[in-house]
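Here is my_file01.txt, consisting of compact mmCIF, C-alpha atoms:
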```
# COMPACT_ATOMS: atom_id res chain seq x y z
CA MET A 192 -4.55 28.56 -53.12
CA LYS A 193 -4.58 27.29 -56.70
CA PHE A 194 -1.40 25.65 -57.95
CA THR A 195 -0.14 24.57 -61.34
CA VAL A 196 2.75 22.11 -61.32
CA LEU A 197 5.19 21.90 -64.25
CA ILE A 198 7.34 18.76 -64.36
CA LEU A 199 10.39 18.73 -66.62
CA GLU A 200 12.14 15.47 -65.71
CA GLY A 201 11.34 11.88 -66.52
CA PRO A 202 10.59 9.26 -63.86
CA TYR A 203 13.15 7.39 -61.71
CA ASN A 204 16.34 9.05 -63.09
CA HIS A 205 15.79 12.09 -60.92
CA GLU A 206 13.84 12.92 -57.82
CA ALA A 207 11.86 15.71 -59.51
CA SER A 208 8.81 13.58 -60.27
CA ASP A 209 8.73 12.18 -56.72
CA SER A 210 9.14 15.64 -55.19
CA ALA A 211 6.35 17.00 -57.36
CA HIS A 212 4.06 14.18 -56.31
CA GLN A 213 4.82 14.74 -52.63
CA MET A 214 4.27 18.48 -52.96
CA ILE A 215 0.91 17.89 -54.65
CA GLN A 216 -0.19 15.42 -51.98
CA ALA A 217 0.81 17.85 -49.24
CA ALA A 218 -0.99 20.73 -50.95
CA LEU A 219 -4.18 18.68 -51.34
CA ARG A 220 -4.03 17.62 -47.67
CA ARG A 221 -3.82 21.30 -46.72
CA GLY A 222 -6.95 22.03 -48.74
CA HIS A 223 -5.27 23.71 -51.71
CA GLU A 224 -6.42 23.16 -55.26
CA ILE A 225 -4.27 21.76 -58.06
CA ARG A 226 -5.40 23.55 -61.20
CA GLY A 227 -3.27 21.31 -63.38
CA ILE A 228 -0.15 19.24 -63.83
CA PHE A 229 1.83 19.76 -67.04
CA PHE A 230 4.56 17.43 -68.29
CA TYR A 231 7.28 18.87 -70.54
CA HIS A 232 10.78 17.89 -71.75
CA ASP A 233 11.47 14.28 -70.62
CA GLY A 234 8.65 14.76 -68.11
CA VAL A 235 6.35 13.29 -70.76
CA TYR A 236 7.65 9.79 -69.86
CA ASN A 237 6.02 10.03 -66.42
CA VAL A 238 2.63 8.83 -67.59
CA SER A 239 3.55 5.94 -69.88
CA ASN A 240 1.20 2.99 -69.51
CA LYS A 241 4.09 0.67 -70.42
CA MET A 242 5.80 1.42 -67.12
CA ASP A 243 6.34 -1.75 -65.12
CA PRO A 244 8.75 -1.17 -62.24
CA PRO A 245 9.82 -3.90 -59.79
CA GLN A 246 7.04 -4.63 -57.29
CA ASP A 247 8.93 -3.29 -54.29
CA ASP A 248 9.45 0.08 -55.97
CA ARG A 249 6.97 2.94 -56.30
CA HIS A 250 4.90 2.91 -59.48
CA ILE A 251 5.23 6.44 -60.80
CA SER A 252 2.72 6.40 -63.65
CA ALA A 253 0.13 4.69 -61.43
CA ARG A 254 0.51 7.56 -58.96
CA TRP A 255 -0.20 10.14 -61.69
CA GLN A 256 -3.10 8.05 -62.91
CA ALA A 257 -4.60 8.10 -59.42
CA LEU A 258 -4.38 11.89 -59.29
CA GLY A 259 -5.91 12.14 -62.77
CA GLU A 260 -8.77 9.92 -61.74
CA GLN A 261 -9.38 12.22 -58.76
CA GLY A 262 -10.20 14.86 -61.33
CA ILE A 263 -6.92 16.77 -61.56
CA ASP A 264 -6.20 17.95 -65.10
CA ILE A 265 -2.98 16.21 -66.18
CA VAL A 266 -1.60 17.28 -69.54
CA VAL A 267 1.34 16.00 -71.57
CA CYS A 268 2.83 18.45 -74.08
CA ILE A 269 2.15 17.21 -77.58
CA ALA A 270 5.32 18.62 -79.15
CA ALA A 271 7.55 17.15 -76.43
CA ALA A 272 5.63 13.85 -76.57
CA LYS A 273 5.86 13.49 -80.35
CA ARG A 274 9.61 13.99 -80.24
CA ARG A 275 9.88 11.21 -77.69
CA GLY A 276 7.51 8.65 -79.16
CA ILE A 277 4.73 9.18 -76.65
CA SER A 278 1.22 9.14 -78.07
CA ASP A 279 -2.35 9.04 -76.73
CA ASP A 280 -2.53 5.24 -76.72
CA LEU A 281 0.56 5.08 -74.47
CA LEU A 282 -0.84 7.25 -71.68
CA VAL A 283 -2.27 6.01 -68.39
CA PRO A 284 -5.99 6.79 -67.92
CA GLY A 285 -6.75 10.16 -66.37
CA THR A 286 -4.13 11.98 -68.43
CA ARG A 287 -4.26 13.62 -71.85
CA ILE A 288 -2.07 15.02 -74.60
CA SER A 289 -2.49 18.66 -75.56
CA GLY A 290 -0.55 21.76 -76.53
CA LEU A 291 1.62 24.20 -74.62
CA GLY A 292 -1.39 26.51 -74.69
CA GLN A 293 -2.82 24.39 -71.90
CA LEU A 294 0.21 25.29 -69.77
CA ALA A 295 -0.36 28.98 -70.51
CA LYS A 296 -4.01 28.60 -69.54
CA MET A 297 -3.15 26.78 -66.32
CA VAL A 298 -0.72 29.54 -65.34
CA ILE A 299 -3.32 32.23 -66.04
CA GLU A 300 -5.83 30.41 -63.87
CA SER A 301 -3.50 29.67 -60.94
CA ASP A 302 -2.14 31.63 -58.01
CA ARG A 303 1.22 29.86 -58.13
CA LEU A 304 3.31 27.90 -60.60
CA VAL A 305 5.75 25.37 -59.14
CA VAL A 306 8.42 23.92 -61.46
CA PHE A 307 10.14 20.59 -60.76
CA GLY A 308 13.22 19.40 -62.62
CA GLU A 309 15.40 21.35 -65.00
CA MET B 30 -9.25 34.74 -67.19
CA SER B 31 -7.76 37.47 -65.04
CA GLU B 32 -8.29 41.08 -66.05
CA THR B 33 -4.72 42.32 -66.04
CA PRO B 34 -2.27 40.18 -68.00
CA ARG B 35 -0.22 37.79 -65.88
CA LYS B 36 3.43 38.72 -65.64
CA VAL B 37 5.37 35.64 -66.59
CA MET B 38 9.14 35.27 -66.84
CA ILE B 39 11.00 32.51 -68.63
CA THR B 40 14.63 32.02 -67.62
CA VAL B 41 17.08 30.22 -69.88
CA ARG B 42 20.08 28.99 -67.93
CA LYS B 43 21.53 26.09 -69.88
CA ALA B 44 24.13 25.93 -72.62
CA PRO B 45 22.72 25.60 -76.15
CA HIS B 46 22.80 22.57 -78.48
CA GLY B 47 24.17 19.93 -76.07
CA SER B 48 20.65 19.41 -74.77
CA ILE B 49 17.14 20.27 -75.89
CA TYR B 50 16.36 22.58 -72.96
CA VAL B 51 16.94 25.90 -74.72
CA HIS B 52 15.09 24.75 -77.84
CA GLU B 53 12.01 23.67 -75.91
CA ALA B 54 12.16 26.83 -73.76
CA ILE B 55 11.87 28.92 -76.94
CA GLU B 56 8.79 26.93 -77.95
CA VAL B 57 7.22 27.86 -74.61
CA MET B 58 8.07 31.55 -75.19
CA PHE B 59 6.13 31.63 -78.45
CA ILE B 60 3.06 30.07 -76.86
CA VAL B 61 3.09 32.17 -73.69
CA ALA B 62 3.43 35.36 -75.77
CA SER B 63 0.48 34.30 -77.92
CA TYR B 64 -1.71 33.91 -74.82
CA GLY B 65 -1.55 37.61 -74.07
CA MET B 66 0.60 37.32 -70.97
CA GLU B 67 3.15 39.96 -70.14
CA LEU B 68 6.21 37.89 -70.93
CA SER B 69 9.80 38.67 -70.15
CA VAL B 70 12.67 36.35 -70.99
CA VAL B 71 16.01 36.32 -69.23
CA PHE B 72 19.10 34.52 -70.51
CA MET B 73 21.52 33.89 -67.67
CA ASP B 74 24.30 31.55 -66.57
CA ASP B 75 25.29 29.26 -69.50
CA GLY B 76 22.05 30.29 -71.19
CA VAL B 77 23.70 33.51 -72.44
CA MET B 78 25.68 31.41 -74.92
CA ALA B 79 22.43 30.68 -76.76
CA LEU B 80 22.49 34.35 -77.85
CA LYS B 81 25.96 34.38 -79.37
CA SER B 82 25.67 35.43 -83.00
CA GLY B 83 27.01 33.35 -85.88
CA GLN B 84 26.10 29.94 -84.54
CA ASN B 85 25.64 27.13 -87.04
CA THR B 86 24.49 23.70 -85.96
CA SER B 87 24.45 22.05 -89.39
CA LYS B 88 27.53 19.96 -88.68
CA LEU B 89 25.95 18.74 -85.45
CA GLY B 90 23.14 17.22 -87.47
CA ILE B 91 20.51 19.10 -85.49
CA LYS B 92 18.20 21.82 -86.68
CA GLY B 93 19.05 24.19 -83.86
CA PHE B 94 16.97 27.16 -82.82
CA MET B 95 18.82 30.15 -84.23
CA ALA B 96 16.05 30.91 -86.73
CA SER B 97 13.57 31.04 -83.84
CA ILE B 98 15.82 33.40 -81.85
CA GLY B 99 15.94 35.75 -84.85
CA ALA B 100 12.14 35.75 -84.98
CA LEU B 101 11.41 36.38 -81.28
CA VAL B 102 10.19 39.94 -81.82
CA ASP B 103 8.00 38.85 -84.76
CA PHE B 104 6.25 36.47 -82.36
CA GLU B 105 5.80 39.18 -79.76
CA VAL B 106 8.59 38.03 -77.48
CA GLU B 107 9.96 41.53 -77.11
CA LYS B 108 11.27 41.81 -73.57
CA VAL B 109 14.44 39.79 -73.87
CA TYR B 110 17.15 40.38 -71.30
CA VAL B 111 20.66 39.11 -70.63
CA ASP B 112 22.47 38.97 -67.33
CA ARG B 113 25.58 41.15 -67.56
CA GLN B 114 27.66 39.14 -65.09
CA SER B 115 26.90 35.88 -66.91
CA LEU B 116 28.22 37.46 -70.14
CA LEU B 117 31.37 38.73 -68.42
CA ASP B 118 32.02 35.37 -66.76
CA ARG B 119 32.01 33.76 -70.23
CA ASN B 120 34.21 36.38 -71.86
CA MET B 121 31.27 37.66 -73.90
CA SER B 122 30.11 41.20 -74.45
CA GLU B 123 27.08 43.01 -75.76
CA ALA B 124 28.68 43.02 -79.22
CA ASP B 125 28.45 39.21 -79.36
CA LEU B 126 24.68 39.16 -79.09
CA VAL B 127 22.47 37.99 -81.91
CA SER B 128 19.58 40.00 -83.36
CA ILE B 129 16.13 38.95 -82.16
CA GLY B 130 14.23 40.88 -84.82
CA GLU B 131 14.05 44.13 -86.74
CA ASP B 132 12.70 47.53 -85.80
CA GLU B 133 9.61 48.05 -87.96
CA ASP B 134 10.44 51.65 -88.81
CA THR B 135 14.19 51.79 -89.03
CA GLU B 136 14.81 48.13 -89.98
CA GLU B 137 17.64 48.21 -87.46
CA PRO B 138 18.31 44.88 -85.74
CA ILE B 139 16.89 44.57 -82.23
CA ARG B 140 19.19 42.97 -79.69
CA PRO B 141 18.53 41.60 -76.22
CA ARG B 142 19.00 44.14 -73.43
CA VAL B 143 21.84 43.59 -70.99
CA LEU B 144 20.87 44.11 -67.35
CA ASP B 145 22.59 43.90 -64.00
CA SER B 146 21.68 41.00 -61.75
CA ARG B 147 20.06 43.44 -59.34
CA GLU B 148 17.67 44.71 -62.02
CA ILE B 149 16.80 41.13 -62.97
CA ALA B 150 16.16 40.27 -59.33
CA GLU B 151 13.78 43.22 -59.03
CA MET B 152 11.95 42.07 -62.14
CA MET B 153 11.72 38.53 -60.78
CA ALA B 154 10.15 39.79 -57.58
CA ASP B 155 7.45 41.44 -59.67
CA GLN B 156 6.36 38.30 -61.59
CA HIS B 157 3.29 36.18 -61.13
CA SER B 158 5.12 33.08 -62.35
CA ILE B 159 8.65 32.17 -63.38
CA MET B 160 9.32 29.21 -65.64
CA SER B 161 12.96 28.19 -65.41
CA PHE B 162 14.56 26.17 -68.18
```
How would this structure read if it were set down as structure tokens?
Amino acid sequence: MKFTVLILEGPYNHEASDSAHQMIQAALRRGHEIRGIFFYHDGVYNVSNKMDPPQDDRHISARWQALGEQGIDIVVCIAAAKRRGISDDLLVPGTRISGLGQLAKMVIESDRLVVFGE
Amino acid sequence: MSETPRKVMITVRKAPHGSIYVHEAIEVMFIVASYGMELSVVFMDDGVMALKSGQNTSKLGIKGFMASIGALVDFEVEKVYVDRQSLLDRNMSEADLVSIGEDEDTEEPIRPRVLDSREIAEMMADQHSIMSF
């Protein structure tokens, strides 16, 4: 099955980003396809390349980078990003900034949309 | 691209103005509608307060989204529904609801349609995707 994952919460404050990551890993293990991952609202902070958590904690943006480098399309909403001071040069590799139209396209091309955060 | 338009629902469940959720949900509505999907929008829980007419956010120092709500129909967001029980729970009625556009022929204001939770549940079951905000 083809999934799109929409993530609405920032990293660390809430579990949404972790849950999304776990769901994606589980889906991939089961042989499903992730059509795309879309970050909206405070979710745009998930892929900041300035993230530098303590060494004994999980590194959230590095996890998204790894998925992006596996070839999964990871998109940060430009309108949400601009409001929050996130620009292209602040993103981890394997992710990109684009419009909400990309979310619409992902939904059209997926069997299921899964939303994390509120 | 699929041949029949995807049925997509956006739910708005949060109170307006105290957070950006409703505002950014409306931005998604405009885009989804422009991508030719069969969009329906449901305001429920505290989200129904976003549709109360006569709101003015100027003293809050934020732009607000009331202009966008008034232009929903112009941007082809036409199926806009409100959960009846959520209105009742907040001491609101159909008469409190803002206009979301104008009828092209009669120039009468168009208002969101109030539905029972059961009808909304049936609609939800029929969707390809639901985006909840």
May I have a table of the residues of chain A lying at most 6 Å from chain B, giving each one's closest pair of atoms and their distance in Å to one decimal, counting only C-alpha atoms, ordered by chain and ascending residue number, as CSV?
```
residue,atom,partner,partner_atom,distance
A:Ala295,CA,B:Val61,CA,5.7
A:Leu304,CA,B:Ser158,CA,5.8
A:Glu309,CA,B:Phe162,CA,5.8
```
Review point. Which residue out of B:Asp103, B:Gly83, B:Phe72, B:Leu116 has the minimum interatomic distance to Pro141 of chain B when only C-alpha atoms are used?
Key: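 Going through B:Asp103, B:Gly83, B:Phe72, B:Leu116 one by one, the smallest distance to Pro141 of chain B is for B:Phe72.
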**Study point:** Residues within 12 Å of Ala96 of chain B, all atoms listed in the file, excluding chain neighbours under 3 positions, as a ChimeraX atom specification
**Key:** /B:52,55,79-80,82-86,92-93,99-103,127-130
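In this structure, atom CA of Glu260 of chain A sits 7.5 Å away from atom CA of Pro284 of chain A.
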Exercise for review: Write out as a list of chain:residue names each polymer residue whose atoms come within 10 Å of segment 210-215 of chain A, counting all atoms listed in the file; drop sequence neighbours fewer than 5 positions from it.
Suggested key: A:Phe194, A:Thr195, A:Val196, A:Leu197, A:Ile198, A:His205, A:Arg220, A:Arg221, A:His223, A:Glu224, A:Ile225, A:Ile228, A:Ile251, A:Arg254, A:Trp255, A:Leu258, A:Val305, A:Val306, A:Phe307, A:Gly308
Neighbours of Val70 of chain B within 7 Å (only C-alpha atoms; same-chain residues fewer than 6 positions away dropped), as an mmCIF file with C-alpha atoms, in the coordinates of the input?
```
data_model
loop_
_atom_site.group_PDB
_atom_site.id
_atom_site.type_symbol
_atom_site.label_atom_id
_atom_site.label_comp_id
_atom_site.auth_asym_id
_atom_site.auth_seq_id
_atom_site.Cartn_x
_atom_site.Cartn_y
_atom_site.Cartn_z
ATOM 1 C CA MET B 38 9.140 35.270 -66.840
ATOM 2 C CA ILE B 39 11.000 32.510 -68.630
ATOM 3 C CA THR B 40 14.630 32.020 -67.620
ATOM 4 C CA LYS B 108 11.270 41.810 -73.570
ATOM 5 C CA VAL B 109 14.440 39.790 -73.870
ATOM 6 C CA TYR B 110 17.150 40.380 -71.300
#
```
Review point. Interatomic distance between atom CA of Val106 of chain B and atom CA of Glu131 of chain B?
Key: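 So the two atoms, atom CA of Val106 of chain B and atom CA of Glu131 of chain B, lie 12.4 Å apart.
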Complete segment 39-55 of chain B at the level of N, CA and C atoms, written as a PDB file, keeping the file's coordinate frame.
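Written file, out19.pdb:
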```pdb
ATOM      1  N   ILE B  39      10.347  33.777 -68.279  1.00  0.00           N
ATOM      2  CA  ILE B  39      11.000  32.510 -68.630  1.00  0.00           C
ATOM      3  C   ILE B  39      12.500  32.740 -68.495  1.00  0.00           C
ATOM      4  N   THR B  40      13.171  31.912 -67.719  1.00  0.00           N
ATOM      5  CA  THR B  40      14.630  32.020 -67.620  1.00  0.00           C
ATOM      6  C   THR B  40      15.264  30.882 -68.406  1.00  0.00           C
ATOM      7  N   VAL B  41      16.331  31.228 -69.119  1.00  0.00           N
ATOM      8  CA  VAL B  41      17.080  30.220 -69.880  1.00  0.00           C
ATOM      9  C   VAL B  41      18.479  30.169 -69.290  1.00  0.00           C
ATOM     10  N   ARG B  42      18.841  29.044 -68.709  1.00  0.00           N
ATOM     11  CA  ARG B  42      20.080  28.990 -67.930  1.00  0.00           C
ATOM     12  C   ARG B  42      21.054  27.931 -68.407  1.00  0.00           C
ATOM     13  N   LYS B  43      20.673  27.203 -69.454  1.00  0.00           N
ATOM     14  CA  LYS B  43      21.530  26.090 -69.880  1.00  0.00           C
ATOM     15  C   LYS B  43      22.245  26.398 -71.193  1.00  0.00           C
ATOM     16  N   ALA B  44      23.374  25.749 -71.388  1.00  0.00           N
ATOM     17  CA  ALA B  44      24.130  25.930 -72.620  1.00  0.00           C
ATOM     18  C   ALA B  44      23.335  25.391 -73.807  1.00  0.00           C
ATOM     19  N   PRO B  45      23.484  26.020 -74.976  1.00  0.00           N
ATOM     20  CA  PRO B  45      22.720  25.600 -76.150  1.00  0.00           C
ATOM     21  C   PRO B  45      23.274  24.312 -76.774  1.00  0.00           C
ATOM     22  N   HIS B  46      22.442  23.651 -77.555  1.00  0.00           N
ATOM     23  CA  HIS B  46      22.800  22.570 -78.480  1.00  0.00           C
ATOM     24  C   HIS B  46      23.136  21.225 -77.834  1.00  0.00           C
ATOM     25  N   GLY B  47      23.817  21.205 -76.696  1.00  0.00           N
ATOM     26  CA  GLY B  47      24.170  19.930 -76.070  1.00  0.00           C
ATOM     27  C   GLY B  47      22.965  19.245 -75.456  1.00  0.00           C
ATOM     28  N   SER B  48      21.892  19.982 -75.285  1.00  0.00           N
ATOM     29  CA  SER B  48      20.650  19.410 -74.770  1.00  0.00           C
ATOM     30  C   SER B  48      19.496  20.158 -75.438  1.00  0.00           C
ATOM     31  N   ILE B  49      18.289  19.666 -75.210  1.00  0.00           N
ATOM     32  CA  ILE B  49      17.140  20.270 -75.890  1.00  0.00           C
ATOM     33  C   ILE B  49      16.504  21.397 -75.065  1.00  0.00           C
ATOM     34  N   TYR B  50      17.042  21.667 -73.873  1.00  0.00           N
ATOM     35  CA  TYR B  50      16.360  22.580 -72.960  1.00  0.00           C
ATOM     36  C   TYR B  50      16.095  23.960 -73.556  1.00  0.00           C
ATOM     37  N   VAL B  51      17.120  24.544 -74.180  1.00  0.00           N
ATOM     38  CA  VAL B  51      16.940  25.900 -74.720  1.00  0.00           C
ATOM     39  C   VAL B  51      15.899  25.877 -75.848  1.00  0.00           C
ATOM     40  N   HIS B  52      16.023  24.873 -76.702  1.00  0.00           N
ATOM     41  CA  HIS B  52      15.090  24.750 -77.840  1.00  0.00           C
ATOM     42  C   HIS B  52      13.640  24.684 -77.346  1.00  0.00           C
ATOM     43  N   GLU B  53      13.393  23.825 -76.373  1.00  0.00           N
ATOM     44  CA  GLU B  53      12.010  23.670 -75.910  1.00  0.00           C
ATOM     45  C   GLU B  53      11.568  24.889 -75.075  1.00  0.00           C
ATOM     46  N   ALA B  54      12.511  25.595 -74.471  1.00  0.00           N
ATOM     47  CA  ALA B  54      12.160  26.830 -73.760  1.00  0.00           C
ATOM     48  C   ALA B  54      11.657  27.878 -74.749  1.00  0.00           C
ATOM     49  N   ILE B  55      12.286  27.938 -75.924  1.00  0.00           N
ATOM     50  CA  ILE B  55      11.870  28.920 -76.940  1.00  0.00           C
ATOM     51  C   ILE B  55      10.462  28.590 -77.427  1.00  0.00           C
TER      52      ILE B  55
END
```
